[in-house]
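**Q** Contents of coords08.pdb (PDB, C-alpha atoms):
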```pdb
ATOM      1  CA  MET A   1       0.000   0.000   0.000
ATOM      2  CA  ASP A   2       2.837   2.390   0.824
ATOM      3  CA  ASP A   3       4.390   1.581  -2.537
ATOM      4  CA  LEU A   4       1.152   2.542  -4.303
ATOM      5  CA  ASN A   5       0.952   5.828  -2.359
ATOM      6  CA  SER A   6       4.542   6.525  -3.277
ATOM      7  CA  HIS A   7       3.787   6.039  -6.972
ATOM      8  CA  ILE A   8       0.741   8.294  -6.700
ATOM      9  CA  GLN A   9       2.789  11.040  -5.062
ATOM     10  CA  ASP A  10       5.484  10.713  -7.724
ATOM     11  CA  ALA A  11       2.884  11.019 -10.507
ATOM     12  CA  LYS A  12       1.292  14.169  -9.116
ATOM     13  CA  THR A  13       2.141  17.434 -10.829
ATOM     14  CA  ASP A  14       4.237  19.771  -8.760
ATOM     15  CA  GLU A  15       2.287  23.017  -8.342
ATOM     16  CA  THR A  16       5.372  25.188  -8.818
ATOM     17  CA  GLU A  17       6.332  23.287 -11.951
ATOM     18  CA  LEU A  18       2.788  23.627 -13.263
ATOM     19  CA  LYS A  19       2.853  27.402 -12.767
ATOM     20  CA  GLN A  20       6.172  27.619 -14.604
ATOM     21  CA  VAL A  21       4.834  25.626 -17.539
ATOM     22  CA  LEU A  22       1.661  27.726 -17.714
ATOM     23  CA  LYS A  23       3.715  30.903 -17.639
ATOM     24  CA  LYS A  24       6.106  29.617 -20.294
ATOM     25  CA  TYR A  25       3.347  28.446 -22.608
ATOM     26  CA  ASP A  26       0.704  31.104 -22.115
ATOM     27  CA  LEU A  27      -2.102  29.454 -24.047
ATOM     28  CA  ASP A  28      -4.446  32.428 -23.737
ATOM     29  CA  GLU A  29      -1.871  34.693 -25.356
ATOM     30  CA  GLU A  30      -1.170  32.108 -28.038
ATOM     31  CA  LEU A  31      -4.882  31.790 -28.823
ATOM     32  CA  ALA A  32      -5.258  35.569 -28.957
ATOM     33  CA  LEU A  33      -2.409  35.818 -31.460
ATOM     34  CA  GLU A  34      -3.873  33.020 -33.547
ATOM     35  CA  PHE A  35      -7.280  34.706 -33.538
ATOM     36  CA  SER A  36      -5.679  37.999 -34.540
ATOM     37  CA  GLU A  37      -3.983  36.341 -37.526
ATOM     38  CA  ILE A  38      -7.242  34.677 -38.599
ATOM     39  CA  ASP A  39      -9.108  37.978 -38.230
ATOM     40  CA  LYS A  40      -6.486  39.764 -40.332
ATOM     41  CA  ALA A  41      -6.717  37.116 -43.076
ATOM     42  CA  PHE A  42     -10.508  37.310 -43.016
ATOM     43  CA  ARG A  43     -10.468  41.097 -43.422
ATOM     44  CA  GLN A  44      -8.101  40.773 -46.388
ATOM     45  CA  LEU A  45     -10.468  38.224 -47.901
ATOM     46  CA  GLU A  46     -13.383  40.629 -47.410
ATOM     47  CA  ILE A  47     -11.457  43.347 -49.266
ATOM     48  CA  LYS A  48     -10.668  40.995 -52.168
ATOM     49  CA  TYR A  49     -14.275  39.837 -52.322
ATOM     50  CA  GLN A  50     -15.571  43.406 -52.404
ATOM     51  CA  SER A  51     -13.060  44.227 -55.151
ATOM     52  CA  LEU A  52     -14.319  41.291 -57.213
ATOM     53  CA  ILE A  53     -17.930  42.397 -56.715
ATOM     54  CA  ASN A  54     -17.061  45.939 -57.793
ATOM     55  CA  THR A  55     -15.161  44.663 -60.853
ATOM     56  CA  ARG A  56     -18.096  42.480 -61.832
ATOM     57  CA  LYS A  57     -20.496  45.439 -61.524
ATOM     58  CA  PHE A  58     -18.146  47.555 -63.645
ATOM     59  CA  PHE A  59     -17.973  44.948 -66.444
ATOM     60  CA  ASN A  60     -21.720  44.342 -66.363
ATOM     61  CA  ASN A  61     -22.425  48.082 -66.651
ATOM     62  CA  GLY A  62     -19.681  48.743 -69.241
TER      63      GLY A  62
END
```
Would you kindly transcribe this structure into structure tokens?
**A**
Amino acid sequence: MDDLNSHIQDAKTDETELKQVLKKYDLDEELALEFSEIDKAFRQLEIKYQSLINTRKFFNNG
């Protein structure tokens, strides 16, 4: 039984180590940057789409 408890204690995550890992790999910041990149790409796509619509209107009216 003591051996099992010892293994359980060894497998537990050290709270200090966990805090260091969370600080090192700030997932919230990483997700925010990823979202920002996706948002930027989407806005560029919107601009291209609007340009295509305007070009189509120009050719249809010309």
**Q** In Å, rounded to a single decimal, give me how far atom CA of A:Phe35 is from atom CA of A:Ile53.
**A** 26.6 Å
**Q** Please measure the separation of atom CA of A:Glu46 and atom CA of A:Asn60, giving the value in Å to one decimal.
**A**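 It comes out at 21.0 Å.
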**Q** Rounded to one decimal, what separation in Å do you get between atom CA of A:Ser6 and atom CA of A:Lys19?
**A**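 It comes out at 23.0 Å.
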**Q** Could you model N, CA and C atoms for stretch 20-39 of chain A and present them as a CSV table (one decimal), in the frame of the given file?
**A**
```
chain,number,residue,atom,x,y,z
A,20,GLN,N,5.1,27.3,-13.7
A,20,GLN,CA,6.2,27.6,-14.6
A,20,GLN,C,5.8,27.2,-16.0
A,21,VAL,N,5.2,26.1,-16.2
A,21,VAL,CA,4.8,25.6,-17.5
A,21,VAL,C,3.7,26.5,-18.1
A,22,LEU,N,2.7,26.9,-17.3
A,22,LEU,CA,1.7,27.7,-17.7
A,22,LEU,C,2.2,29.1,-18.1
A,23,LYS,N,3.1,29.6,-17.3
A,23,LYS,CA,3.7,30.9,-17.6
A,23,LYS,C,4.5,30.8,-18.9
A,24,LYS,N,5.3,29.8,-19.1
A,24,LYS,CA,6.1,29.6,-20.3
A,24,LYS,C,5.3,29.5,-21.6
A,25,TYR,N,4.2,28.7,-21.5
A,25,TYR,CA,3.3,28.4,-22.6
A,25,TYR,C,2.0,29.1,-22.3
A,26,ASP,N,1.9,30.4,-22.4
A,26,ASP,CA,0.7,31.1,-22.1
A,26,ASP,C,-0.3,30.8,-23.2
A,27,LEU,N,-1.2,29.9,-23.0
A,27,LEU,CA,-2.1,29.5,-24.0
A,27,LEU,C,-3.1,30.5,-24.4
A,28,ASP,N,-3.5,31.3,-23.4
A,28,ASP,CA,-4.4,32.4,-23.7
A,28,ASP,C,-3.8,33.4,-24.7
A,29,GLU,N,-2.6,33.8,-24.5
A,29,GLU,CA,-1.9,34.7,-25.4
A,29,GLU,C,-1.7,34.1,-26.7
A,30,GLU,N,-1.4,32.8,-26.8
A,30,GLU,CA,-1.2,32.1,-28.0
A,30,GLU,C,-2.5,32.1,-28.8
A,31,LEU,N,-3.6,31.8,-28.2
A,31,LEU,CA,-4.9,31.8,-28.8
A,31,LEU,C,-5.3,33.2,-29.3
A,32,ALA,N,-5.0,34.2,-28.5
A,32,ALA,CA,-5.3,35.6,-29.0
A,32,ALA,C,-4.5,35.9,-30.2
A,33,LEU,N,-3.2,35.5,-30.3
A,33,LEU,CA,-2.4,35.8,-31.5
A,33,LEU,C,-2.9,35.1,-32.7
A,34,GLU,N,-3.3,33.8,-32.5
A,34,GLU,CA,-3.9,33.0,-33.5
A,34,GLU,C,-5.2,33.6,-34.1
A,35,PHE,N,-6.0,34.1,-33.2
A,35,PHE,CA,-7.3,34.7,-33.5
A,35,PHE,C,-7.0,36.0,-34.3
A,36,SER,N,-6.0,36.8,-33.9
A,36,SER,CA,-5.7,38.0,-34.5
A,36,SER,C,-5.2,37.7,-36.0
A,37,GLU,N,-4.4,36.7,-36.2
A,37,GLU,CA,-4.0,36.3,-37.5
A,37,GLU,C,-5.2,35.9,-38.4
A,38,ILE,N,-6.1,35.1,-37.8
A,38,ILE,CA,-7.2,34.7,-38.6
A,38,ILE,C,-8.1,35.9,-38.9
A,39,ASP,N,-8.3,36.8,-38.0
A,39,ASP,CA,-9.1,38.0,-38.2
A,39,ASP,C,-8.5,38.8,-39.3
```
